[in-house]
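J.: My structure is in my_file-v1.cif, and what it holds is mmCIF, N, CA and C atoms:
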```cif
data_entry
#
loop_
_atom_site.label_atom_id
_atom_site.label_comp_id
_atom_site.auth_asym_id
_atom_site.auth_seq_id
_atom_site.Cartn_x
_atom_site.Cartn_y
_atom_site.Cartn_z
N MET A 56 141.86 1.18 115.44
CA MET A 56 143.13 1.78 115.09
C MET A 56 144.22 1.18 115.95
N LEU A 57 145.32 0.82 115.36
CA LEU A 57 146.44 0.24 116.08
C LEU A 57 147.31 1.32 116.68
N PHE A 58 147.75 1.09 117.90
CA PHE A 58 148.68 1.99 118.56
C PHE A 58 150.10 1.69 118.07
N ARG A 59 150.82 2.71 117.71
CA ARG A 59 152.22 2.55 117.30
C ARG A 59 153.07 3.51 118.12
N SER A 60 154.25 3.10 118.48
CA SER A 60 155.10 3.98 119.28
C SER A 60 155.44 5.26 118.55
N ARG A 61 155.46 5.25 117.22
CA ARG A 61 155.78 6.48 116.49
C ARG A 61 154.65 7.51 116.58
N ASP A 62 153.47 7.08 117.05
CA ASP A 62 152.35 8.00 117.21
C ASP A 62 152.43 8.79 118.51
N THR A 63 153.44 8.53 119.31
CA THR A 63 153.58 9.20 120.60
C THR A 63 154.81 10.09 120.60
N LYS A 64 154.88 10.95 121.59
CA LYS A 64 156.03 11.83 121.77
C LYS A 64 156.61 11.58 123.16
N ARG A 65 157.91 11.66 123.26
CA ARG A 65 158.54 11.59 124.58
C ARG A 65 158.49 12.99 125.16
N LEU A 66 158.11 13.10 126.41
CA LEU A 66 157.95 14.38 127.09
C LEU A 66 159.01 14.50 128.19
N GLN A 67 159.75 15.61 128.17
CA GLN A 67 160.79 15.85 129.17
C GLN A 67 160.59 17.25 129.76
N HIS A 68 160.50 17.32 131.09
CA HIS A 68 160.41 18.61 131.78
C HIS A 68 161.80 18.96 132.28
N LYS A 69 162.27 20.16 131.96
CA LYS A 69 163.59 20.62 132.38
C LYS A 69 163.45 21.91 133.18
N THR A 70 164.14 21.97 134.31
CA THR A 70 164.07 23.16 135.16
C THR A 70 165.42 23.88 135.21
N ALA A 71 166.38 23.40 134.44
CA ALA A 71 167.70 24.03 134.35
C ALA A 71 168.17 23.88 132.91
N ALA A 72 169.26 24.54 132.58
CA ALA A 72 169.80 24.49 131.21
C ALA A 72 170.02 23.04 130.78
N TYR A 73 169.76 22.79 129.49
CA TYR A 73 169.90 21.43 128.97
C TYR A 73 170.39 21.49 127.53
N THR A 74 171.40 20.67 127.22
CA THR A 74 171.87 20.52 125.86
C THR A 74 171.31 19.22 125.30
N MET A 75 170.57 19.34 124.23
CA MET A 75 169.92 18.18 123.60
C MET A 75 170.97 17.26 122.98
N VAL A 76 170.61 15.99 122.86
CA VAL A 76 171.49 14.99 122.26
C VAL A 76 170.75 14.26 121.15
N ARG A 77 171.48 13.50 120.36
CA ARG A 77 170.91 12.76 119.22
C ARG A 77 169.70 11.93 119.63
N ASP A 78 169.77 11.27 120.78
CA ASP A 78 168.67 10.41 121.23
C ASP A 78 167.42 11.17 121.63
N ASP A 79 167.47 12.48 121.66
CA ASP A 79 166.29 13.30 122.00
C ASP A 79 165.37 13.51 120.81
N ILE A 80 165.65 12.87 119.69
CA ILE A 80 164.82 13.05 118.49
C ILE A 80 163.34 12.84 118.85
N GLY A 81 162.48 13.76 118.38
CA GLY A 81 161.05 13.65 118.59
C GLY A 81 160.56 14.06 119.97
N THR A 82 161.46 14.48 120.84
CA THR A 82 161.09 14.85 122.21
C THR A 82 160.40 16.21 122.25
N VAL A 83 159.41 16.33 123.13
CA VAL A 83 158.81 17.61 123.46
C VAL A 83 159.37 18.02 124.81
N PHE A 84 160.12 19.12 124.83
CA PHE A 84 160.71 19.63 126.06
C PHE A 84 159.83 20.74 126.61
N THR A 85 159.67 20.79 127.93
CA THR A 85 158.97 21.90 128.57
C THR A 85 159.82 22.40 129.73
N ASN A 86 159.45 23.56 130.24
CA ASN A 86 160.07 24.09 131.45
C ASN A 86 159.13 23.93 132.65
N PHE A 87 158.21 22.99 132.57
CA PHE A 87 157.25 22.76 133.67
C PHE A 87 158.01 22.58 134.99
N GLY A 88 157.59 23.31 136.01
CA GLY A 88 158.22 23.22 137.32
C GLY A 88 159.39 24.15 137.52
N ALA A 89 159.80 24.87 136.48
CA ALA A 89 160.95 25.77 136.59
C ALA A 89 160.60 26.99 137.43
N SER A 90 161.54 27.41 138.25
CA SER A 90 161.35 28.63 139.05
C SER A 90 162.23 29.75 138.52
N GLY A 91 162.92 29.50 137.42
CA GLY A 91 163.77 30.50 136.80
C GLY A 91 163.93 30.19 135.32
N ALA A 92 164.75 30.96 134.66
CA ALA A 92 164.97 30.81 133.23
C ALA A 92 165.59 29.46 132.89
N VAL A 93 165.22 28.92 131.72
CA VAL A 93 165.76 27.65 131.23
C VAL A 93 166.23 27.88 129.79
N THR A 94 167.45 27.41 129.50
CA THR A 94 167.99 27.48 128.15
C THR A 94 168.15 26.07 127.61
N PHE A 95 167.59 25.86 126.42
CA PHE A 95 167.75 24.59 125.70
C PHE A 95 168.72 24.85 124.56
N THR A 96 169.71 23.99 124.39
CA THR A 96 170.68 24.13 123.30
C THR A 96 170.58 22.91 122.40
N THR A 97 170.48 23.15 121.10
CA THR A 97 170.38 22.04 120.14
C THR A 97 171.74 21.35 120.02
N PRO A 98 171.72 20.12 119.53
CA PRO A 98 172.99 19.45 119.22
C PRO A 98 173.66 20.16 118.04
N LYS A 99 174.94 19.93 117.88
CA LYS A 99 175.65 20.41 116.69
C LYS A 99 175.27 19.52 115.50
N PHE A 100 175.43 20.05 114.30
CA PHE A 100 175.07 19.29 113.10
C PHE A 100 175.86 17.99 113.00
N THR A 101 177.06 17.95 113.53
CA THR A 101 177.87 16.73 113.47
C THR A 101 177.29 15.61 114.33
N GLU A 102 176.31 15.95 115.18
CA GLU A 102 175.74 14.97 116.12
C GLU A 102 174.36 14.47 115.71
N VAL A 103 173.76 15.08 114.68
CA VAL A 103 172.40 14.69 114.27
C VAL A 103 172.37 14.42 112.76
N PHE A 104 171.19 14.32 112.19
CA PHE A 104 171.03 13.98 110.78
C PHE A 104 169.85 14.77 110.21
N ASP A 105 169.76 14.80 108.87
CA ASP A 105 168.65 15.50 108.22
C ASP A 105 167.31 15.00 108.77
N GLY A 106 166.45 15.94 109.16
CA GLY A 106 165.13 15.58 109.66
C GLY A 106 165.04 15.40 111.16
N TRP A 107 166.17 15.48 111.87
CA TRP A 107 166.14 15.38 113.33
C TRP A 107 165.25 16.51 113.83
N THR A 108 164.35 16.21 114.74
CA THR A 108 163.39 17.22 115.17
C THR A 108 163.07 17.11 116.66
N CYS A 109 162.64 18.21 117.23
CA CYS A 109 162.12 18.25 118.60
C CYS A 109 161.25 19.50 118.73
N LYS A 110 160.60 19.60 119.87
CA LYS A 110 159.78 20.79 120.16
C LYS A 110 160.13 21.28 121.55
N VAL A 111 159.96 22.59 121.76
CA VAL A 111 160.13 23.20 123.07
C VAL A 111 158.87 23.99 123.35
N PHE A 112 158.29 23.78 124.54
CA PHE A 112 157.03 24.41 124.92
C PHE A 112 157.19 25.10 126.27
N VAL A 113 156.69 26.33 126.39
CA VAL A 113 156.77 27.08 127.64
C VAL A 113 155.55 26.74 128.50
N ALA A 114 155.79 25.92 129.54
CA ALA A 114 154.71 25.45 130.41
C ALA A 114 154.72 26.12 131.78
N ALA A 115 155.78 26.87 132.08
CA ALA A 115 155.87 27.65 133.32
C ALA A 115 156.18 29.09 132.91
N ASP A 116 155.63 30.04 133.62
CA ASP A 116 155.78 31.45 133.25
C ASP A 116 157.18 31.96 133.58
N GLN A 117 158.16 31.34 132.94
CA GLN A 117 159.57 31.71 133.09
C GLN A 117 160.18 31.85 131.69
N THR A 118 161.27 32.57 131.60
CA THR A 118 161.94 32.75 130.32
C THR A 118 162.50 31.42 129.81
N VAL A 119 162.26 31.15 128.54
CA VAL A 119 162.82 29.98 127.86
C VAL A 119 163.57 30.48 126.63
N THR A 120 164.82 30.04 126.51
CA THR A 120 165.64 30.39 125.35
C THR A 120 166.07 29.10 124.67
N VAL A 121 165.94 29.08 123.35
CA VAL A 121 166.44 27.96 122.55
C VAL A 121 167.63 28.50 121.77
N THR A 122 168.80 27.94 122.08
CA THR A 122 170.05 28.36 121.44
C THR A 122 170.51 27.27 120.49
N LEU A 123 170.96 27.66 119.33
CA LEU A 123 171.40 26.69 118.34
C LEU A 123 172.86 26.31 118.58
N GLY A 124 173.14 25.02 118.51
CA GLY A 124 174.48 24.52 118.77
C GLY A 124 175.51 25.01 117.78
N ASP A 125 175.08 25.38 116.59
CA ASP A 125 175.95 25.96 115.57
C ASP A 125 175.43 27.37 115.30
N ALA A 126 176.28 28.37 115.45
CA ALA A 126 175.88 29.78 115.33
C ALA A 126 175.40 30.13 113.92
N ASP A 127 174.48 31.09 113.87
CA ASP A 127 173.99 31.68 112.62
C ASP A 127 173.38 30.66 111.66
N THR A 128 172.67 29.67 112.19
CA THR A 128 172.12 28.60 111.35
C THR A 128 170.61 28.50 111.39
N GLY A 129 169.94 29.35 112.16
CA GLY A 129 168.49 29.26 112.28
C GLY A 129 167.76 30.05 111.21
N VAL A 130 166.69 29.44 110.68
CA VAL A 130 165.82 30.13 109.74
C VAL A 130 164.47 30.26 110.43
N THR A 131 164.08 31.50 110.70
CA THR A 131 162.83 31.77 111.39
C THR A 131 162.29 33.12 110.93
N PHE A 132 161.30 33.63 111.56
CA PHE A 132 160.64 34.87 111.14
C PHE A 132 161.64 36.00 110.88
N ASN A 133 161.72 36.44 109.63
CA ASN A 133 162.57 37.56 109.20
C ASN A 133 164.05 37.38 109.50
N ASP A 134 164.53 36.17 109.63
CA ASP A 134 165.95 35.96 109.94
C ASP A 134 166.40 34.61 109.37
N ALA A 135 167.41 34.64 108.52
CA ALA A 135 167.94 33.40 107.93
C ALA A 135 169.26 32.99 108.57
N ALA A 136 169.66 33.68 109.65
CA ALA A 136 170.93 33.36 110.33
C ALA A 136 170.78 33.57 111.83
N ALA A 137 169.69 33.08 112.39
CA ALA A 137 169.43 33.27 113.81
C ALA A 137 170.34 32.40 114.67
N ASP A 138 170.66 32.89 115.86
CA ASP A 138 171.44 32.15 116.85
C ASP A 138 170.56 31.55 117.93
N SER A 139 169.46 32.26 118.25
CA SER A 139 168.59 31.79 119.33
C SER A 139 167.22 32.44 119.21
N VAL A 140 166.27 31.83 119.91
CA VAL A 140 164.92 32.38 120.05
C VAL A 140 164.59 32.33 121.53
N ALA A 141 164.13 33.46 122.07
CA ALA A 141 163.80 33.52 123.49
C ALA A 141 162.34 33.94 123.68
N PHE A 142 161.71 33.29 124.62
CA PHE A 142 160.37 33.68 125.07
C PHE A 142 160.58 34.31 126.44
N SER A 143 160.64 35.65 126.46
CA SER A 143 161.06 36.34 127.68
C SER A 143 160.23 37.56 128.05
N THR A 144 159.28 37.93 127.22
CA THR A 144 158.48 39.12 127.50
C THR A 144 157.46 38.83 128.59
N ALA A 145 157.45 39.63 129.64
CA ALA A 145 156.55 39.43 130.77
C ALA A 145 155.11 39.27 130.30
N SER A 146 154.42 38.31 130.87
CA SER A 146 153.01 38.01 130.59
C SER A 146 152.77 37.57 129.14
N LYS A 147 153.82 37.23 128.39
CA LYS A 147 153.64 36.83 126.99
C LYS A 147 154.51 35.62 126.66
N LYS A 148 154.74 34.77 127.66
CA LYS A 148 155.60 33.60 127.47
C LYS A 148 154.80 32.31 127.48
N LEU A 149 153.98 32.15 128.49
CA LEU A 149 153.25 30.91 128.75
C LEU A 149 152.46 30.46 127.52
N GLY A 150 152.62 29.21 127.14
CA GLY A 150 151.92 28.67 125.98
C GLY A 150 152.66 28.83 124.67
N SER A 151 153.79 29.52 124.70
CA SER A 151 154.60 29.67 123.49
C SER A 151 155.33 28.36 123.21
N GLY A 152 155.80 28.22 122.00
CA GLY A 152 156.54 27.02 121.67
C GLY A 152 157.24 27.15 120.34
N ILE A 153 158.12 26.19 120.07
CA ILE A 153 158.86 26.19 118.83
C ILE A 153 159.19 24.76 118.44
N GLU A 154 159.07 24.46 117.16
CA GLU A 154 159.49 23.17 116.63
C GLU A 154 160.78 23.40 115.86
N LEU A 155 161.75 22.51 116.03
CA LEU A 155 163.04 22.63 115.37
C LEU A 155 163.27 21.42 114.48
N ILE A 156 163.70 21.66 113.25
CA ILE A 156 164.01 20.58 112.32
C ILE A 156 165.39 20.85 111.73
N ALA A 157 166.26 19.84 111.80
CA ALA A 157 167.62 19.97 111.29
C ALA A 157 167.69 19.66 109.80
N ASP A 158 168.36 20.55 109.08
CA ASP A 158 168.72 20.33 107.68
C ASP A 158 170.24 20.31 107.65
N VAL A 159 170.80 19.17 108.00
CA VAL A 159 172.24 19.03 108.14
C VAL A 159 172.95 19.27 106.81
N THR A 160 172.36 18.81 105.72
CA THR A 160 172.95 18.96 104.40
C THR A 160 173.26 20.42 104.09
N ASN A 161 172.36 21.32 104.50
CA ASN A 161 172.52 22.75 104.22
C ASN A 161 172.91 23.56 105.46
N SER A 162 173.22 22.88 106.54
CA SER A 162 173.63 23.54 107.80
C SER A 162 172.61 24.57 108.26
N LYS A 163 171.34 24.15 108.34
CA LYS A 163 170.27 25.04 108.76
C LYS A 163 169.36 24.35 109.76
N TRP A 164 168.86 25.12 110.72
CA TRP A 164 167.78 24.70 111.61
C TRP A 164 166.54 25.47 111.18
N TYR A 165 165.44 24.77 110.91
CA TYR A 165 164.18 25.42 110.59
C TYR A 165 163.38 25.52 111.88
N LEU A 166 163.01 26.73 112.24
CA LEU A 166 162.35 27.01 113.52
C LEU A 166 160.92 27.48 113.26
N PHE A 167 159.97 26.64 113.65
CA PHE A 167 158.56 26.95 113.45
C PHE A 167 157.98 27.41 114.77
N GLY A 168 157.58 28.67 114.85
CA GLY A 168 157.05 29.23 116.08
C GLY A 168 155.59 28.92 116.28
N SER A 169 155.19 28.89 117.54
CA SER A 169 153.79 28.68 117.92
C SER A 169 153.38 29.88 118.75
N LEU A 170 152.80 30.86 118.10
CA LEU A 170 152.41 32.10 118.79
C LEU A 170 150.89 32.19 118.84
N TRP A 171 150.40 32.83 119.89
CA TRP A 171 148.96 32.91 120.13
C TRP A 171 148.54 34.35 120.40
N TYR A 172 147.31 34.64 120.06
CA TYR A 172 146.71 35.94 120.33
C TYR A 172 145.33 35.70 120.92
N ASP A 173 145.07 36.27 122.10
CA ASP A 173 143.80 36.03 122.79
C ASP A 173 142.81 37.19 122.65
N GLY A 174 143.09 38.11 121.74
CA GLY A 174 142.23 39.26 121.55
C GLY A 174 142.77 40.49 122.26
N THR A 175 143.65 40.28 123.22
CA THR A 175 144.27 41.38 123.95
C THR A 175 145.79 41.29 123.91
N ASN A 176 146.29 40.09 124.15
CA ASN A 176 147.73 39.87 124.22
C ASN A 176 148.18 38.83 123.21
N GLN A 177 149.38 39.01 122.72
CA GLN A 177 150.01 38.01 121.86
C GLN A 177 151.34 37.65 122.50
N ASN A 178 151.62 36.33 122.56
CA ASN A 178 152.92 35.96 123.11
C ASN A 178 154.00 36.43 122.14
N THR A 179 155.20 36.60 122.66
CA THR A 179 156.26 37.25 121.90
C THR A 179 157.53 36.43 121.94
N ALA A 180 158.20 36.34 120.81
CA ALA A 180 159.50 35.67 120.73
C ALA A 180 160.55 36.72 120.35
N THR A 181 161.72 36.63 120.96
CA THR A 181 162.83 37.51 120.63
C THR A 181 163.87 36.69 119.89
N ILE A 182 164.19 37.10 118.67
CA ILE A 182 165.13 36.37 117.84
C ILE A 182 166.47 37.09 117.88
N ALA A 183 167.53 36.34 118.21
CA ALA A 183 168.88 36.92 118.26
C ALA A 183 169.71 36.39 117.10
N THR A 184 170.47 37.30 116.51
CA THR A 184 171.34 36.94 115.40
C THR A 184 172.79 37.01 115.81
#
```
Just give me the structure of the file as structure tokens.

T.:
Amino acid sequence: MLFRSRDTKRLQHKTAAYTMVRDDIGTVFTNFGASGAVTFTTPKFTEVFDGWTCKVFVAADQTVTVTLGDADTGVTFNDAAADSVAFSTASKKLGSGIELIADVTNSKWYLFGSLWYDGTNQNTATIAT
């Protein structure tokens, strides 16, 4: 099998607030090493294109919030006009994640959550409108 650069992901660890940019396409962001809350903000639709995507993964047991650069544009669980998704519930953050895909044509961010249940606990996301 041939190795291709498109088969890999760029990995970025952030320990403070970060606003994503166009060149971050395909990046997996984590909060690894963070000692406090980290907020990731998506680019505005004017800065990206249809299909622009990234992922955010909670790798440190700290609150992670993903805020959309354009308000009321997120489509996620039971909400077609979300502003942000936060992983902030004590003991239910670590291992959570979200994939974001831009639909610039329709001014929407599609937010795919990655939630887990270990038989006792389920990680939790808080969706803000």

J.: Quick one: apply the PyMOL selection byres (((chain A and resi 87-93 and name CA) around 10) and name CA) to the file and drop the selected residues here as a list in words.

T.: Gln67, His68, Lys69, Thr70, Ala71, Ala72, Tyr73, Phe84, Thr85, Asn86, Thr94, Phe95, Thr96, Phe112, Val113, Ala114, Ala115, Asp116, Gln117, Thr118, Val119, Thr120, Val121, Ala141, Phe142 and Ser143 of chain A

J.: Determine, counting only N, CA and C atoms, which protein, DNA and RNA residues have an atom within 8 Å of an atom of Asp79 (chain A); residues of the same chain fewer than 2 positions away are not included. Present the result as a PDB file with N, CA and C atoms, in the coordinates of the input.

T.:
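The file below, part.pdb, is the result:
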```
ATOM      1  N   MET A  75     170.570  19.340 124.230  1.00  0.00           N
ATOM      2  CA  MET A  75     169.920  18.180 123.600  1.00  0.00           C
ATOM      3  C   MET A  75     170.970  17.260 122.980  1.00  0.00           C
ATOM      4  N   VAL A  76     170.610  15.990 122.860  1.00  0.00           N
ATOM      5  CA  VAL A  76     171.490  14.990 122.260  1.00  0.00           C
ATOM      6  C   VAL A  76     170.750  14.260 121.150  1.00  0.00           C
ATOM      7  N   ARG A  77     171.480  13.500 120.360  1.00  0.00           N
ATOM      8  CA  ARG A  77     170.910  12.760 119.220  1.00  0.00           C
ATOM      9  C   ARG A  77     169.700  11.930 119.630  1.00  0.00           C
ATOM     10  N   GLY A  81     162.480  13.760 118.380  1.00  0.00           N
ATOM     11  CA  GLY A  81     161.050  13.650 118.590  1.00  0.00           C
ATOM     12  C   GLY A  81     160.560  14.060 119.970  1.00  0.00           C
ATOM     13  N   THR A  82     161.460  14.480 120.840  1.00  0.00           N
ATOM     14  CA  THR A  82     161.090  14.850 122.210  1.00  0.00           C
ATOM     15  C   THR A  82     160.400  16.210 122.250  1.00  0.00           C
ATOM     16  N   VAL A  83     159.410  16.330 123.130  1.00  0.00           N
ATOM     17  CA  VAL A  83     158.810  17.610 123.460  1.00  0.00           C
ATOM     18  C   VAL A  83     159.370  18.020 124.810  1.00  0.00           C
ATOM     19  N   TRP A 107     166.170  15.480 111.870  1.00  0.00           N
ATOM     20  CA  TRP A 107     166.140  15.380 113.330  1.00  0.00           C
ATOM     21  C   TRP A 107     165.250  16.510 113.830  1.00  0.00           C
ATOM     22  N   THR A 108     164.350  16.210 114.740  1.00  0.00           N
ATOM     23  CA  THR A 108     163.390  17.220 115.170  1.00  0.00           C
ATOM     24  C   THR A 108     163.070  17.110 116.660  1.00  0.00           C
ATOM     25  N   CYS A 109     162.640  18.210 117.230  1.00  0.00           N
ATOM     26  CA  CYS A 109     162.120  18.250 118.600  1.00  0.00           C
ATOM     27  C   CYS A 109     161.250  19.500 118.730  1.00  0.00           C
ATOM     28  N   LYS A 110     160.600  19.600 119.870  1.00  0.00           N
ATOM     29  CA  LYS A 110     159.780  20.790 120.160  1.00  0.00           C
ATOM     30  C   LYS A 110     160.130  21.280 121.550  1.00  0.00           C
TER      31      LYS A 110
END
```

J.: Report as a ChimeraX atom specification: the residues of region 62-177 of chain A with a DSSP assignment of strand (DSSP E or B), based on the backbone of this structure.

T.: /A:66-68,73-74,83-85,93-96,108-112,119-122,129-131,134-137,139-142,152-158,163-169,172,177

J.: So which residues touch Ala126 (chain A) within 8 Å, counting only N, CA and C atoms, skipping near sequence neighbours fewer than 5 positions away, as a PDB file with N, CA and C atoms, keeping the file's coordinate frame?

T.:
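Written output follows (result-v5.pdb):
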```pdb
ATOM      1  N   ALA A 136     169.660  33.680 109.650  1.00  0.00           N
ATOM      2  CA  ALA A 136     170.930  33.360 110.330  1.00  0.00           C
ATOM      3  C   ALA A 136     170.780  33.570 111.830  1.00  0.00           C
ATOM      4  N   ALA A 137     169.690  33.080 112.390  1.00  0.00           N
ATOM      5  CA  ALA A 137     169.430  33.270 113.810  1.00  0.00           C
ATOM      6  C   ALA A 137     170.340  32.400 114.670  1.00  0.00           C
ATOM      7  N   ASP A 138     170.660  32.890 115.860  1.00  0.00           N
ATOM      8  CA  ASP A 138     171.440  32.150 116.850  1.00  0.00           C
ATOM      9  C   ASP A 138     170.560  31.550 117.930  1.00  0.00           C
ATOM     10  N   SER A 139     169.460  32.260 118.250  1.00  0.00           N
ATOM     11  CA  SER A 139     168.590  31.790 119.330  1.00  0.00           C
ATOM     12  C   SER A 139     167.220  32.440 119.210  1.00  0.00           C
ATOM     13  N   THR A 184     170.470  37.300 116.510  1.00  0.00           N
ATOM     14  CA  THR A 184     171.340  36.940 115.400  1.00  0.00           C
ATOM     15  C   THR A 184     172.790  37.010 115.810  1.00  0.00           C
TER      16      THR A 184
END
```

J.: Let me know the residues the PyMOL selection byres ((chain A and resi 105) around 8) catches in the file above, as a PyMOL selection string.

T.: chain A and resi 103-104+106-108+156-161

J.: Could you add the missing atoms to region 86-97 of chain A, up to N, CA, C and O atoms, and return them as a PDB file, in the frame of the given file?

T.:
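Generated output (out29.pdb):
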```
ATOM      1  N   ASN A  86     159.450  23.560 130.240  1.00  0.00           N
ATOM      2  CA  ASN A  86     160.070  24.090 131.450  1.00  0.00           C
ATOM      3  C   ASN A  86     159.130  23.930 132.650  1.00  0.00           C
ATOM      4  O   ASN A  86     159.260  24.642 133.642  1.00  0.00           O
ATOM      5  N   PHE A  87     158.210  22.990 132.570  1.00  0.00           N
ATOM      6  CA  PHE A  87     157.250  22.760 133.670  1.00  0.00           C
ATOM      7  C   PHE A  87     158.010  22.580 134.990  1.00  0.00           C
ATOM      8  O   PHE A  87     158.952  21.808 135.065  1.00  0.00           O
ATOM      9  N   GLY A  88     157.590  23.310 136.010  1.00  0.00           N
ATOM     10  CA  GLY A  88     158.220  23.220 137.320  1.00  0.00           C
ATOM     11  C   GLY A  88     159.390  24.150 137.520  1.00  0.00           C
ATOM     12  O   GLY A  88     159.941  24.241 138.625  1.00  0.00           O
ATOM     13  N   ALA A  89     159.800  24.870 136.480  1.00  0.00           N
ATOM     14  CA  ALA A  89     160.950  25.770 136.590  1.00  0.00           C
ATOM     15  C   ALA A  89     160.600  26.990 137.430  1.00  0.00           C
ATOM     16  O   ALA A  89     159.514  27.545 137.315  1.00  0.00           O
ATOM     17  N   SER A  90     161.540  27.410 138.250  1.00  0.00           N
ATOM     18  CA  SER A  90     161.350  28.630 139.050  1.00  0.00           C
ATOM     19  C   SER A  90     162.230  29.750 138.520  1.00  0.00           C
ATOM     20  O   SER A  90     162.261  30.837 139.106  1.00  0.00           O
ATOM     21  N   GLY A  91     162.920  29.500 137.420  1.00  0.00           N
ATOM     22  CA  GLY A  91     163.770  30.500 136.800  1.00  0.00           C
ATOM     23  C   GLY A  91     163.930  30.190 135.320  1.00  0.00           C
ATOM     24  O   GLY A  91     163.320  29.245 134.801  1.00  0.00           O
ATOM     25  N   ALA A  92     164.750  30.960 134.660  1.00  0.00           N
ATOM     26  CA  ALA A  92     164.970  30.810 133.230  1.00  0.00           C
ATOM     27  C   ALA A  92     165.590  29.460 132.890  1.00  0.00           C
ATOM     28  O   ALA A  92     166.366  28.903 133.666  1.00  0.00           O
ATOM     29  N   VAL A  93     165.220  28.920 131.720  1.00  0.00           N
ATOM     30  CA  VAL A  93     165.760  27.650 131.230  1.00  0.00           C
ATOM     31  C   VAL A  93     166.230  27.880 129.790  1.00  0.00           C
ATOM     32  O   VAL A  93     165.507  28.444 128.980  1.00  0.00           O
ATOM     33  N   THR A  94     167.450  27.410 129.500  1.00  0.00           N
ATOM     34  CA  THR A  94     167.990  27.480 128.150  1.00  0.00           C
ATOM     35  C   THR A  94     168.150  26.070 127.610  1.00  0.00           C
ATOM     36  O   THR A  94     168.734  25.204 128.260  1.00  0.00           O
ATOM     37  N   PHE A  95     167.590  25.860 126.420  1.00  0.00           N
ATOM     38  CA  PHE A  95     167.750  24.590 125.700  1.00  0.00           C
ATOM     39  C   PHE A  95     168.720  24.850 124.560  1.00  0.00           C
ATOM     40  O   PHE A  95     168.559  25.825 123.819  1.00  0.00           O
ATOM     41  N   THR A  96     169.710  23.990 124.390  1.00  0.00           N
ATOM     42  CA  THR A  96     170.680  24.130 123.300  1.00  0.00           C
ATOM     43  C   THR A  96     170.580  22.910 122.400  1.00  0.00           C
ATOM     44  O   THR A  96     170.577  21.775 122.894  1.00  0.00           O
ATOM     45  N   THR A  97     170.480  23.150 121.100  1.00  0.00           N
ATOM     46  CA  THR A  97     170.380  22.040 120.140  1.00  0.00           C
ATOM     47  C   THR A  97     171.740  21.350 120.020  1.00  0.00           C
ATOM     48  O   THR A  97     172.782  21.937 120.309  1.00  0.00           O
TER      49      THR A  97
END
```
